[in-house]
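**Q** Contents of my_file-v2.txt (compact mmCIF, C-alpha atoms) are given next:
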```txt
# COMPACT_ATOMS: atom_id res chain seq x y z
CA MET H 1 -3.01 -19.83 -10.25
CA ALA H 2 -2.25 -19.28 -13.93
CA MET H 3 -4.61 -17.00 -15.85
CA ALA H 4 -5.51 -19.93 -18.14
CA ASP H 5 -6.91 -21.82 -15.16
CA LYS H 6 -9.35 -19.04 -14.29
CA SER H 7 -12.81 -18.45 -15.74
CA ILE H 8 -15.09 -15.61 -16.68
CA VAL H 9 -18.30 -15.65 -14.68
CA MET H 10 -21.50 -15.09 -16.67
CA LEU H 11 -24.45 -14.26 -14.45
CA GLY H 12 -28.01 -13.09 -14.90
CA CYS H 13 -31.63 -14.12 -15.10
CA PHE H 14 -31.45 -17.12 -17.40
CA ASP H 15 -35.15 -17.80 -16.79
CA THR H 16 -36.31 -14.83 -18.88
CA LYS H 17 -33.24 -14.11 -21.01
CA GLY H 18 -31.96 -17.58 -21.86
CA GLU H 19 -31.57 -16.94 -25.59
CA ASP H 20 -29.43 -13.85 -24.98
CA PHE H 21 -27.20 -15.60 -22.46
CA SER H 22 -26.82 -18.61 -24.71
CA TYR H 23 -25.45 -16.30 -27.41
CA LEU H 24 -23.14 -14.56 -24.93
CA LEU H 25 -21.81 -17.92 -23.75
CA LYS H 26 -21.12 -19.02 -27.33
CA SER H 27 -19.40 -15.69 -28.03
CA LEU H 28 -17.15 -16.13 -25.00
CA GLY H 29 -16.39 -19.70 -25.99
CA ALA H 30 -15.44 -18.60 -29.49
CA LEU H 31 -12.89 -16.28 -27.88
CA GLY H 32 -11.35 -19.21 -26.00
CA GLN H 33 -12.79 -18.40 -22.59
CA GLN H 34 -13.75 -20.84 -19.83
CA VAL H 35 -17.04 -19.74 -18.32
CA ILE H 36 -18.80 -20.30 -15.00
CA THR H 37 -22.56 -19.73 -15.37
CA ILE H 38 -24.71 -18.44 -12.50
CA ASN H 39 -28.50 -18.24 -12.78
CA THR H 40 -30.03 -15.43 -10.72
CA GLY H 41 -33.57 -15.79 -12.04
CA VAL H 42 -36.26 -17.15 -9.74
CA MET H 43 -38.65 -18.74 -12.25
CA GLU H 44 -38.43 -22.16 -13.89
CA THR H 45 -35.49 -22.16 -16.30
CA SER H 46 -34.94 -24.10 -19.51
CA VAL H 47 -31.81 -23.25 -21.47
CA ASP H 48 -29.56 -25.02 -23.96
CA PHE H 49 -26.35 -24.62 -21.94
CA PRO H 50 -25.08 -25.99 -18.61
CA ILE H 51 -25.74 -23.96 -15.46
CA ASP H 52 -22.89 -24.29 -12.97
CA VAL H 53 -24.60 -22.47 -10.09
CA ASP H 54 -28.36 -22.79 -10.23
CA GLN H 55 -31.04 -20.51 -8.80
CA ASP H 56 -31.57 -22.76 -5.76
CA ALA H 57 -27.92 -22.36 -4.78
CA VAL H 58 -28.10 -18.57 -5.24
CA ALA H 59 -31.21 -18.33 -3.06
CA THR H 60 -29.63 -20.56 -0.41
CA ALA H 61 -26.50 -18.38 -0.38
CA SER H 62 -28.72 -15.43 0.54
CA GLY H 63 -30.13 -17.32 3.52
CA ALA H 64 -33.48 -17.90 1.83
CA VAL H 65 -35.32 -20.74 0.12
CA LEU H 66 -36.14 -20.41 -3.58
CA GLU H 67 -39.66 -21.79 -3.22
CA THR H 68 -40.39 -19.28 -0.46
CA ILE H 69 -39.14 -16.45 -2.66
CA ARG H 70 -41.43 -17.60 -5.48
CA LYS H 71 -44.50 -17.93 -3.28
CA SER H 72 -44.02 -14.49 -1.72
CA ASN H 73 -44.73 -12.87 -5.09
CA ASP H 74 -42.58 -9.95 -3.92
CA ARG H 75 -40.41 -8.92 -6.87
CA GLY H 76 -38.41 -6.33 -4.97
CA ARG H 77 -37.53 -8.77 -2.23
CA ALA H 78 -36.65 -11.45 -4.78
CA VAL H 79 -34.25 -9.09 -6.57
CA GLU H 80 -32.65 -8.11 -3.27
CA LEU H 81 -32.14 -11.71 -2.13
CA MET H 82 -30.81 -13.01 -5.43
CA GLY H 83 -28.34 -10.13 -5.55
CA LYS H 84 -27.20 -10.94 -2.04
CA GLY H 85 -26.84 -14.65 -2.84
CA ALA H 86 -24.93 -14.02 -6.06
CA ALA H 87 -22.58 -11.70 -4.17
CA ALA H 88 -21.83 -14.44 -1.64
CA ILE H 89 -21.05 -16.91 -4.41
CA LEU H 90 -18.82 -14.48 -6.29
CA SER H 91 -16.99 -13.66 -3.07
CA GLU H 92 -16.22 -17.34 -2.51
CA LEU H 93 -15.05 -17.81 -6.10
CA ALA H 94 -12.81 -14.74 -5.84
CA GLU H 95 -11.31 -15.93 -2.55
CA LYS H 96 -10.45 -19.23 -4.24
CA ASP H 97 -8.85 -17.31 -7.14
CA LYS H 98 -11.20 -18.95 -9.64
CA ILE H 99 -12.27 -15.94 -11.70
CA LYS H 100 -10.62 -13.41 -13.99
CA GLY H 101 -13.71 -11.46 -15.02
CA VAL H 102 -17.46 -11.12 -14.50
CA ILE H 103 -20.09 -10.26 -17.11
CA GLY H 104 -23.85 -9.91 -16.85
CA MET H 105 -26.82 -8.60 -18.84
CA GLY H 106 -30.20 -7.40 -17.69
CA GLY H 107 -33.05 -4.97 -17.46
CA GLY H 108 -33.90 -3.04 -14.29
CA GLY H 109 -34.08 -5.95 -11.83
CA GLY H 110 -31.37 -7.95 -13.53
CA THR H 111 -29.01 -4.99 -13.55
CA TYR H 112 -29.56 -4.46 -9.82
CA ILE H 113 -28.74 -8.11 -9.11
CA ILE H 114 -25.61 -8.00 -11.28
CA LEU H 115 -24.27 -4.77 -9.78
CA GLU H 116 -25.03 -5.98 -6.25
CA ALA H 117 -23.17 -9.23 -6.91
CA MET H 118 -20.19 -7.38 -8.38
CA GLN H 119 -19.70 -5.53 -5.09
CA ALA H 120 -18.12 -8.73 -3.76
CA VAL H 121 -15.44 -8.86 -6.47
CA PRO H 122 -12.07 -7.22 -5.67
CA LEU H 123 -10.45 -4.39 -7.59
CA GLY H 124 -8.64 -5.51 -10.73
CA ILE H 125 -11.01 -8.31 -11.68
CA PRO H 126 -12.97 -6.66 -14.54
CA LYS H 127 -16.72 -6.33 -14.15
CA PHE H 128 -18.89 -5.67 -17.20
CA CYS H 129 -22.65 -5.13 -17.36
CA LEU H 130 -24.71 -4.82 -20.56
CA SER H 131 -27.87 -3.09 -19.40
CA THR H 132 -31.09 -1.47 -20.55
CA VAL H 133 -30.94 1.16 -17.79
CA VAL H 134 -27.49 2.69 -18.32
CA ALA H 135 -29.08 6.14 -18.74
CA LYS H 136 -30.30 6.02 -15.12
CA ASP H 137 -28.24 7.24 -12.20
CA LEU H 138 -26.68 3.96 -11.07
CA SER H 139 -24.06 5.53 -8.80
CA ARG H 140 -25.52 3.95 -5.65
CA GLN H 141 -25.54 0.49 -7.20
CA ILE H 142 -22.03 0.84 -8.63
CA GLY H 143 -20.64 2.25 -5.41
CA VAL H 144 -16.85 2.29 -5.38
CA LYS H 145 -16.31 -0.69 -7.68
CA ASP H 146 -14.51 -0.72 -11.04
CA ILE H 147 -17.60 -1.67 -13.03
CA THR H 148 -17.98 -0.98 -16.75
CA LEU H 149 -21.50 -0.30 -18.04
CA MET H 150 -22.61 -0.64 -21.67
CA SER H 151 -26.03 0.28 -23.03
CA SER H 152 -27.89 -2.61 -24.62
CA VAL H 153 -29.76 -0.07 -26.83
CA VAL H 154 -32.58 -2.58 -27.36
CA ASP H 155 -34.11 -4.66 -24.59
CA VAL H 156 -32.39 -7.85 -23.50
CA ALA H 157 -35.36 -9.86 -24.63
CA GLY H 158 -34.41 -12.08 -27.53
CA LEU H 159 -31.82 -11.82 -30.28
CA ASN H 160 -31.86 -9.41 -33.19
CA SER H 161 -29.23 -7.75 -35.39
CA ILE H 162 -28.49 -5.05 -32.80
CA SER H 163 -28.37 -7.28 -29.73
CA ARG H 164 -26.15 -9.83 -31.47
CA LEU H 165 -23.63 -7.13 -32.34
CA LEU H 166 -23.56 -5.63 -28.86
CA ILE H 167 -23.40 -8.99 -27.09
CA ARG H 168 -20.42 -9.99 -29.23
CA GLN H 169 -18.77 -6.64 -28.47
CA ALA H 170 -19.44 -7.15 -24.75
CA ALA H 171 -17.86 -10.62 -24.92
CA SER H 172 -14.81 -9.18 -26.70
CA ALA H 173 -14.56 -6.38 -24.14
CA ILE H 174 -14.59 -8.60 -21.05
CA THR H 175 -12.16 -11.01 -22.74
CA ALA H 176 -9.68 -8.23 -23.52
CA MET H 177 -10.03 -6.79 -20.02
CA ALA H 178 -9.66 -10.17 -18.31
CA ASP H 179 -6.58 -11.14 -20.31
CA THR H 180 -4.74 -7.85 -19.79
CA LYS H 181 -1.43 -8.30 -18.01
CA VAL H 182 0.59 -5.72 -16.08
CA ASP H 183 4.36 -5.70 -16.43
CA ALA H 184 5.72 -6.61 -12.99
CA SER H 185 8.67 -4.26 -13.60
CA GLU H 186 6.22 -1.33 -13.45
CA GLU H 187 5.29 -2.03 -9.82
CA ALA H 188 6.64 0.30 -7.13
CA LYS H 189 8.14 -1.05 -3.90
CA LYS H 190 5.22 0.19 -1.78
CA SER H 191 1.91 1.94 -2.35
CA ILE H 192 0.54 4.92 -0.41
CA ALA H 193 -3.00 6.36 -0.49
CA ILE H 194 -3.39 10.13 -0.18
CA SER H 195 -6.58 12.21 0.03
CA MET H 196 -6.89 15.58 -1.68
CA PHE H 197 -9.18 18.48 -2.51
CA GLY H 198 -8.77 21.61 -4.59
CA ASN H 199 -8.06 23.40 -1.32
CA THR H 200 -5.17 21.06 -0.43
CA THR H 201 -3.77 20.39 -3.90
CA LYS H 202 -0.52 22.25 -3.30
CA CYS H 203 0.25 20.14 -0.22
CA VAL H 204 -0.72 16.86 -1.86
CA ASP H 205 1.29 17.61 -5.01
CA LYS H 206 4.43 18.25 -2.96
CA CYS H 207 3.90 15.12 -0.84
CA THR H 208 3.40 13.06 -3.99
CA GLU H 209 6.55 14.46 -5.56
CA LEU H 210 8.62 13.66 -2.48
CA LEU H 211 7.22 10.14 -2.08
CA LYS H 212 7.66 9.28 -5.75
CA SER H 213 11.27 10.47 -5.62
CA LYS H 214 11.83 7.79 -2.98
CA GLY H 215 10.31 5.05 -5.12
CA TYR H 216 6.80 4.90 -3.68
CA GLU H 217 3.63 4.60 -5.70
CA VAL H 218 1.11 7.27 -4.68
CA MET H 219 -2.61 7.05 -5.41
CA ALA H 220 -4.62 10.23 -4.83
CA PHE H 221 -8.33 10.17 -3.99
CA HIS H 222 -10.45 13.28 -4.43
CA ALA H 223 -12.45 13.79 -1.23
CA THR H 224 -15.81 13.96 -2.98
CA GLY H 225 -17.62 11.32 -0.96
CA VAL H 226 -17.17 8.61 -3.56
CA GLY H 227 -13.43 9.30 -3.53
CA GLY H 228 -13.10 8.83 0.21
CA ALA H 229 -15.34 5.77 0.19
CA THR H 230 -13.28 4.26 -2.62
CA MET H 231 -10.06 4.84 -0.72
CA GLU H 232 -11.54 3.18 2.38
CA SER H 233 -12.69 0.21 0.30
CA LEU H 234 -9.28 -0.29 -1.29
CA ILE H 235 -7.55 -0.01 2.08
CA ARG H 236 -9.74 -2.89 3.26
CA GLU H 237 -8.75 -4.89 0.17
CA GLY H 238 -5.09 -4.58 1.18
CA VAL H 239 -4.02 -2.36 -1.71
CA PHE H 240 -1.94 0.09 0.34
CA ASP H 241 1.01 -0.05 2.70
CA ALA H 242 0.25 3.31 4.34
CA VAL H 243 -2.20 6.20 4.25
CA LEU H 244 -1.50 9.94 4.15
CA ASP H 245 -4.96 11.32 4.87
CA VAL H 246 -4.37 15.00 4.18
CA THR H 247 -8.01 15.86 3.42
CA THR H 248 -10.60 14.61 5.90
CA THR H 249 -13.25 17.13 4.84
CA GLU H 250 -15.84 14.41 4.20
CA LEU H 251 -16.33 14.14 7.96
CA ALA H 252 -17.72 17.69 7.94
CA ASP H 253 -20.19 16.82 5.18
CA GLU H 254 -21.32 13.75 7.10
CA LEU H 255 -21.86 15.85 10.23
CA CYS H 256 -23.69 18.75 8.58
CA GLY H 257 -25.55 17.03 5.74
CA GLY H 258 -23.31 18.20 2.91
CA ILE H 259 -23.33 16.55 -0.50
CA LEU H 260 -19.82 15.03 -0.29
CA SER H 261 -20.16 12.70 2.68
CA ALA H 262 -18.29 9.41 2.42
CA GLY H 263 -20.56 7.88 5.06
CA PRO H 264 -19.99 7.03 8.72
CA ASP H 265 -17.15 4.60 7.99
CA ARG H 266 -14.79 7.24 6.62
CA LEU H 267 -11.42 7.18 8.42
CA THR H 268 -11.90 3.70 9.84
CA ALA H 269 -10.31 1.31 7.32
CA ALA H 270 -6.62 1.95 8.07
CA THR H 271 -7.41 1.83 11.78
CA GLU H 272 -9.06 -1.58 11.45
CA MET H 273 -6.56 -3.03 8.96
CA GLY H 274 -3.44 -2.15 10.94
CA ILE H 275 -1.94 0.18 8.31
CA PRO H 276 0.29 3.12 9.36
CA GLN H 277 -1.42 6.46 8.81
CA ILE H 278 -0.80 10.16 9.09
CA VAL H 279 -4.03 12.17 9.44
CA VAL H 280 -4.54 15.90 8.89
CA PRO H 281 -7.76 17.85 9.63
CA GLY H 282 -7.57 19.16 6.07
CA CYS H 283 -10.59 21.17 4.87
CA LEU H 284 -12.63 20.53 7.99
CA ASP H 285 -13.30 24.26 7.77
CA MET H 286 -15.88 23.63 5.04
CA VAL H 287 -19.05 21.75 4.15
CA ASN H 288 -19.96 21.26 0.49
CA PHE H 289 -23.30 22.01 -1.13
CA ALA H 290 -24.39 22.49 -4.74
CA GLN H 291 -25.80 25.75 -6.09
CA MET H 292 -26.44 28.49 -3.54
CA ASP H 293 -30.22 28.07 -3.77
CA THR H 294 -29.97 24.38 -2.82
CA LEU H 295 -28.73 25.07 0.73
CA PRO H 296 -30.98 23.93 3.57
CA GLU H 297 -32.88 26.86 5.03
CA LYS H 298 -31.08 26.59 8.39
CA TYR H 299 -27.76 27.33 6.72
CA ARG H 300 -28.78 30.30 4.58
CA THR H 301 -27.44 32.85 7.11
CA ARG H 302 -24.10 31.11 7.66
CA GLN H 303 -20.75 32.17 6.20
CA LEU H 304 -20.87 30.96 2.60
CA TYR H 305 -18.53 31.03 -0.39
CA SER H 306 -19.22 30.19 -4.03
CA TRP H 307 -16.23 28.05 -5.04
CA ALA H 308 -17.84 27.53 -8.46
CA PRO H 309 -21.35 28.17 -9.87
CA ASP H 310 -22.39 24.67 -8.77
CA VAL H 311 -20.29 24.46 -5.58
CA THR H 312 -21.17 26.36 -2.41
CA LEU H 313 -18.93 26.05 0.63
CA MET H 314 -20.16 26.70 4.17
CA ARG H 315 -17.67 27.59 6.90
CA THR H 316 -17.87 25.23 9.86
CA ASN H 317 -18.40 27.02 13.18
CA VAL H 318 -16.89 26.62 16.64
CA ALA H 319 -19.44 24.06 17.85
CA GLU H 320 -19.12 21.89 14.74
CA ASN H 321 -15.34 21.98 14.93
CA GLY H 322 -15.41 20.80 18.51
CA ILE H 323 -17.47 17.80 17.43
CA LEU H 324 -15.30 17.11 14.38
CA GLY H 325 -12.10 17.14 16.42
CA LYS H 326 -13.46 14.53 18.79
CA GLN H 327 -14.86 12.41 15.95
CA LEU H 328 -11.54 12.41 14.14
CA VAL H 329 -9.69 11.16 17.21
CA ASP H 330 -12.38 8.60 18.11
CA LYS H 331 -11.95 6.97 14.70
CA LEU H 332 -8.23 6.52 15.33
CA ILE H 333 -8.12 5.40 18.97
CA GLY H 334 -8.38 1.71 18.09
CA ALA H 335 -5.60 1.79 15.49
CA LYS H 336 -3.53 -1.39 15.30
CA ALA H 337 -0.58 0.41 13.68
CA PRO H 338 1.24 3.71 14.27
CA VAL H 339 -0.96 6.77 13.76
CA GLU H 340 -0.23 10.47 14.03
CA ILE H 341 -2.40 13.57 13.66
CA LEU H 342 -0.53 16.53 12.23
CA ILE H 343 -2.00 19.99 12.76
CA PRO H 344 -1.04 22.99 10.58
CA LEU H 345 -1.65 25.87 13.00
CA LYS H 346 -1.85 28.58 10.32
CA GLY H 347 -4.80 27.11 8.44
CA ILE H 348 -6.31 23.88 7.17
CA SER H 349 -7.34 24.86 3.62
CA GLN H 350 -6.37 27.19 0.82
CA ILE H 351 -9.02 29.70 1.92
CA ASP H 352 -8.35 29.28 5.65
CA SER H 353 -5.35 31.56 5.93
CA GLU H 354 -4.96 34.98 7.48
CA GLY H 355 -6.93 37.52 5.48
CA ASP H 356 -8.75 34.93 3.36
CA ILE H 357 -12.47 34.19 3.14
CA PHE H 358 -12.64 31.26 5.62
CA TYR H 359 -9.95 32.42 8.04
CA GLY H 360 -11.42 31.52 11.43
CA PRO H 361 -8.93 31.24 14.29
CA ASP H 362 -11.67 30.62 16.86
CA ALA H 363 -13.17 27.72 14.90
CA ASP H 364 -9.72 26.30 14.18
CA SER H 365 -8.78 26.57 17.85
CA ALA H 366 -11.91 24.63 18.79
CA LEU H 367 -10.94 21.91 16.29
CA PHE H 368 -7.32 21.70 17.38
CA GLY H 369 -8.27 21.82 21.05
CA ALA H 370 -10.75 18.96 20.68
CA ILE H 371 -8.14 16.87 18.89
CA LYS H 372 -5.52 17.42 21.61
CA GLU H 373 -8.01 16.96 24.43
CA ASN H 374 -9.31 13.62 23.17
CA ALA H 375 -6.07 12.12 21.84
CA LYS H 376 -4.74 9.40 24.11
CA GLY H 377 -2.81 6.19 24.07
CA HIS H 378 -0.68 5.77 20.98
CA VAL H 379 -2.42 8.51 18.95
CA GLU H 380 0.27 11.17 18.74
CA VAL H 381 -0.58 14.79 17.91
CA VAL H 382 2.07 16.96 16.27
CA GLU H 383 1.61 20.69 15.70
CA MET H 384 3.49 22.85 13.22
CA ASP H 385 3.46 26.62 12.90
CA ALA H 386 2.67 26.44 9.20
CA HIS H 387 -0.23 26.49 6.74
CA ILE H 388 -1.43 23.21 5.26
CA ASN H 389 -0.17 24.22 1.80
CA ASP H 390 3.27 25.34 2.96
CA GLU H 391 6.11 23.27 1.51
CA ALA H 392 7.58 22.82 4.97
CA PHE H 393 4.39 21.16 6.18
CA ALA H 394 4.34 18.76 3.21
CA LYS H 395 7.96 17.82 3.92
CA MET H 396 7.14 17.10 7.56
CA LEU H 397 4.17 14.94 6.55
CA VAL H 398 6.37 12.79 4.33
CA GLU H 399 9.20 12.56 6.87
CA ARG H 400 6.88 11.40 9.64
CA LEU H 401 4.99 8.99 7.37
CA LEU H 402 8.22 7.31 6.28
CA LYS H 403 9.34 7.14 9.90
CA ILE H 404 6.21 5.32 11.11
CA MET H 405 6.31 3.01 8.07
CA GLU H 406 9.65 1.71 9.32
```
Show the structure stored in the file as structure tokens.
**A**
Amino acid sequence: MAMADKSIVMLGCFDTKGEDFSYLLKSLGALGQQVITINTGVMETSVDFPIDVDQDAVATASGAVLETIRKSNDRGRAVELMGKGAAAILSELAEKDKIKGVIGMGGGGGTYIILEAMQAVPLGIPKFCLSTVVAKDLSRQIGVKDITLMSSVVDVAGLNSISRLLIRQAASAITAMADTKVDASEEAKKSIAISMFGNTTKCVDKCTELLKSKGYEVMAFHATGVGGATMESLIREGVFDAVLDVTTTELADELCGGILSAGPDRLTAATEMGIPQIVVPGCLDMVNFAQMDTLPEKYRTRQLYSWAPDVTLMRTNVAENGILGKQLVDKLIGAKAPVEILIPLKGISQIDSEGDIFYGPDADSALFGAIKENAKGHVEVVEMDAHINDEAFAKMLVERLLKIME
């Protein structure tokens, strides 16, 4: 579908903010944009512009009935349901290739609905939210999506000289973003996701260099919880042809309650999507916490290392490594495409090498042993007498990845 045939979606609570949305719609129209309007408010609505998807349809898409939502007098539940319904509608529009951008405006509840709905929109379709609560921590609502936030400065509650200016700027921003084109000649032949950490940077840099020299596009994701979750999300959207998962450290944070967990679904997307993957137990020797005084009491006597003033690393022990090895394999058993686990026998992080702070051959042996013991079927385990950051190990990773991609 040509870009000219697609529309920008404008969504929000038209029931309480009709004047503001009317001005946004006119601003978009003045910029030559076709607009699909979605009303996520639950109260009676009277506006001076056409509503393409009304509040009844949004409520129905959530599995609820609008009148029931109104009678419940439960604002939190109403916000949750309207966000869910709007997400379902946006998902359908995106699947039909009808939209090229999404824009919304709101206060606390309206922002939640908008950000929830935007979760259903794939990467690359711009998502813009003009909000009164930008100063809040909205990381949970934004998740892994490419959403742009802009402070409304004043409340979205009627037009004034400030709101008019910012609404016009928001309209210009989403228009420019939606109409941006990428030169097809810039696209690589295939795209590969790779996970990294400060402790595996040397390995990842060499892998990236080697893959790029062969014409592949490489996208690195920092294993900070959000990074791993983002990579998993994009794998599910079909962005990548293969995965080189060098740094699976987020599994350790999930197990031990660290601050960089990517959730229980980490290391499952490539398995489910049938994408070739090479997996390394990179940085499973560590769990991440913030400042030293923030550690849970039960971990205060463990082996700790201050990586930075606000980053405390805890060495995983023998028992934890036994669990992590089994978990890693369990997540790969159902893979629909070739998968290999590569083990660097001389250490799995920058500080897990002989003589360094986290060198722990017993813990590493428990990890490697659990991986080999539980691996079965088509999950192949390959060992190399090297450290994870050795150039030879990086070369082997790339060679074996390219082989299974064939």
**Q** Would you mind listing what lies within 8 Å of stretch 82-89 of chain H as a PyMOL selection string, with only C-alpha atoms counted and same-chain residues fewer than 2 positions away left out?
**A** chain H and resi 38+40-41+58-63+78-80+91-93+112-120
**Q** Just C-alpha atoms for this one: save the residues we selected as a PDB file, keeping the file's coordinate frame.
**A**
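Dumped everything to result.pdb:
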```
ATOM      1  CA  ILE H  38     -24.710 -18.440 -12.500  1.00  0.00           C
ATOM      2  CA  THR H  40     -30.030 -15.430 -10.720  1.00  0.00           C
ATOM      3  CA  GLY H  41     -33.570 -15.790 -12.040  1.00  0.00           C
ATOM      4  CA  VAL H  58     -28.100 -18.570  -5.240  1.00  0.00           C
ATOM      5  CA  ALA H  59     -31.210 -18.330  -3.060  1.00  0.00           C
ATOM      6  CA  THR H  60     -29.630 -20.560  -0.410  1.00  0.00           C
ATOM      7  CA  ALA H  61     -26.500 -18.380  -0.380  1.00  0.00           C
ATOM      8  CA  SER H  62     -28.720 -15.430   0.540  1.00  0.00           C
ATOM      9  CA  GLY H  63     -30.130 -17.320   3.520  1.00  0.00           C
ATOM     10  CA  ALA H  78     -36.650 -11.450  -4.780  1.00  0.00           C
ATOM     11  CA  VAL H  79     -34.250  -9.090  -6.570  1.00  0.00           C
ATOM     12  CA  GLU H  80     -32.650  -8.110  -3.270  1.00  0.00           C
ATOM     13  CA  SER H  91     -16.990 -13.660  -3.070  1.00  0.00           C
ATOM     14  CA  GLU H  92     -16.220 -17.340  -2.510  1.00  0.00           C
ATOM     15  CA  LEU H  93     -15.050 -17.810  -6.100  1.00  0.00           C
ATOM     16  CA  TYR H 112     -29.560  -4.460  -9.820  1.00  0.00           C
ATOM     17  CA  ILE H 113     -28.740  -8.110  -9.110  1.00  0.00           C
ATOM     18  CA  ILE H 114     -25.610  -8.000 -11.280  1.00  0.00           C
ATOM     19  CA  LEU H 115     -24.270  -4.770  -9.780  1.00  0.00           C
ATOM     20  CA  GLU H 116     -25.030  -5.980  -6.250  1.00  0.00           C
ATOM     21  CA  ALA H 117     -23.170  -9.230  -6.910  1.00  0.00           C
ATOM     22  CA  MET H 118     -20.190  -7.380  -8.380  1.00  0.00           C
ATOM     23  CA  GLN H 119     -19.700  -5.530  -5.090  1.00  0.00           C
ATOM     24  CA  ALA H 120     -18.120  -8.730  -3.760  1.00  0.00           C
TER      25      ALA H 120
END
```
**Q** So the first atom is atom CA of H:Asp330 and the second is atom CA of H:Ile351; what is the distance between them in Å, to one decimal place?
**A**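 Here the two named atoms are 26.8 Å from each other.
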**Q** Would you list the residues near (-21.5, 14.5, 14.0) (no more than 10 Å away, in the coordinates of the file, using all atoms listed in the file) as JSON, numbers by chain?
**A** {"H": [251, 252, 253, 254, 255, 256, 257, 264, 320, 321, 322, 323, 324, 326, 327]}
**Q** With a distance cut-off of 8 Å and all atoms listed in the file, select the neighbouring residues of H:Tyr23, excluding the residue or stretch itself and same-chain residues fewer than 4 positions from it, and output the selection as a PyMOL selection string.
**A** chain H and resi 19+27+164+167
**Q** Fewer than 5 positions away in the same chain doesn't count, so skip those; otherwise give me all residues within 12 Å of stretch 365-382 of chain H, counting all atoms listed in the file, as a compact mmCIF listing (two decimals) with C-alpha atoms, in the frame of the given file.
**A**
```txt
# COMPACT_ATOMS: atom_id res chain seq x y z
CA ALA H 252 -17.72 17.69 7.94
CA THR H 271 -7.41 1.83 11.78
CA PRO H 276 0.29 3.12 9.36
CA GLN H 277 -1.42 6.46 8.81
CA ILE H 278 -0.80 10.16 9.09
CA VAL H 279 -4.03 12.17 9.44
CA VAL H 280 -4.54 15.90 8.89
CA PRO H 281 -7.76 17.85 9.63
CA GLY H 282 -7.57 19.16 6.07
CA CYS H 283 -10.59 21.17 4.87
CA LEU H 284 -12.63 20.53 7.99
CA ASP H 285 -13.30 24.26 7.77
CA THR H 316 -17.87 25.23 9.86
CA ASN H 317 -18.40 27.02 13.18
CA VAL H 318 -16.89 26.62 16.64
CA ALA H 319 -19.44 24.06 17.85
CA GLU H 320 -19.12 21.89 14.74
CA ASN H 321 -15.34 21.98 14.93
CA GLY H 322 -15.41 20.80 18.51
CA ILE H 323 -17.47 17.80 17.43
CA LEU H 324 -15.30 17.11 14.38
CA GLY H 325 -12.10 17.14 16.42
CA LYS H 326 -13.46 14.53 18.79
CA GLN H 327 -14.86 12.41 15.95
CA LEU H 328 -11.54 12.41 14.14
CA VAL H 329 -9.69 11.16 17.21
CA ASP H 330 -12.38 8.60 18.11
CA LYS H 331 -11.95 6.97 14.70
CA LEU H 332 -8.23 6.52 15.33
CA ILE H 333 -8.12 5.40 18.97
CA GLY H 334 -8.38 1.71 18.09
CA ALA H 335 -5.60 1.79 15.49
CA LYS H 336 -3.53 -1.39 15.30
CA ALA H 337 -0.58 0.41 13.68
CA PRO H 338 1.24 3.71 14.27
CA VAL H 339 -0.96 6.77 13.76
CA GLU H 340 -0.23 10.47 14.03
CA ILE H 341 -2.40 13.57 13.66
CA LEU H 342 -0.53 16.53 12.23
CA ILE H 343 -2.00 19.99 12.76
CA PRO H 344 -1.04 22.99 10.58
CA LEU H 345 -1.65 25.87 13.00
CA LYS H 346 -1.85 28.58 10.32
CA GLY H 347 -4.80 27.11 8.44
CA ILE H 348 -6.31 23.88 7.17
CA TYR H 359 -9.95 32.42 8.04
CA GLY H 360 -11.42 31.52 11.43
CA PHE H 393 4.39 21.16 6.18
CA MET H 396 7.14 17.10 7.56
CA LEU H 397 4.17 14.94 6.55
CA ARG H 400 6.88 11.40 9.64
CA ILE H 404 6.21 5.32 11.11
```
**Q** Go ahead and compute the interatomic distance for atom CA of H:Met405 and atom CA of H:Lys214, in Å to one decimal.
**A**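 Separating atom CA of H:Met405 from atom CA of H:Lys214 is a distance of 13.2 Å.
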**Q** Could you tell me which of H:Val239, H:Val154, H:Val65, H:Val204 comes closest to H:Ile388 if we count all atoms listed in the file?
**A**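 The closest residue to H:Ile388 is H:Val204.
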**Q** One decimal, Å: what's the distance from atom CA of H:Asp356 over to atom CA of H:Ala308, could you say?
**A**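 That distance, rounded to one decimal, is 16.6 Å.
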**Q** Find the residues near stretch 96-100 of chain H: any atom within 8 Å, counting all atoms listed in the file, skip ones fewer than 6 places away on the same chain, and give them as a tab-separated table (two decimals) with C-alpha atoms, in the frame of the given file.
**A**
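Here's the written file part_2.tsv:
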```tsv
chain	number	residue	atom	x	y	z
H	1	MET	CA	-3.01	-19.83	-10.25
H	3	MET	CA	-4.61	-17.00	-15.85
H	5	ASP	CA	-6.91	-21.82	-15.16
H	6	LYS	CA	-9.35	-19.04	-14.29
H	7	SER	CA	-12.81	-18.45	-15.74
H	8	ILE	CA	-15.09	-15.61	-16.68
H	9	VAL	CA	-18.30	-15.65	-14.68
H	125	ILE	CA	-11.01	-8.31	-11.68
H	126	PRO	CA	-12.97	-6.66	-14.54
H	178	ALA	CA	-9.66	-10.17	-18.31
H	179	ASP	CA	-6.58	-11.14	-20.31
```
**Q** Would you pick out the contacts of H:Ser306 at 12 Å or less, using all atoms listed in the file, so that residues sharing its chain but fewer than 6 positions from it are not included, and give the list as a compact mmCIF listing (two decimals) with C-alpha atoms, in the frame of the given file?
**A**
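Okay, around_17.txt is ready:
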```txt
# COMPACT_ATOMS: atom_id res chain seq x y z
CA MET H 286 -15.88 23.63 5.04
CA VAL H 287 -19.05 21.75 4.15
CA ASN H 288 -19.96 21.26 0.49
CA PHE H 289 -23.30 22.01 -1.13
CA ALA H 290 -24.39 22.49 -4.74
CA GLN H 291 -25.80 25.75 -6.09
CA MET H 292 -26.44 28.49 -3.54
CA ASP H 293 -30.22 28.07 -3.77
CA LEU H 295 -28.73 25.07 0.73
CA THR H 312 -21.17 26.36 -2.41
CA LEU H 313 -18.93 26.05 0.63
CA MET H 314 -20.16 26.70 4.17
CA ARG H 315 -17.67 27.59 6.90
CA ILE H 351 -9.02 29.70 1.92
CA ILE H 357 -12.47 34.19 3.14
CA PHE H 358 -12.64 31.26 5.62
```
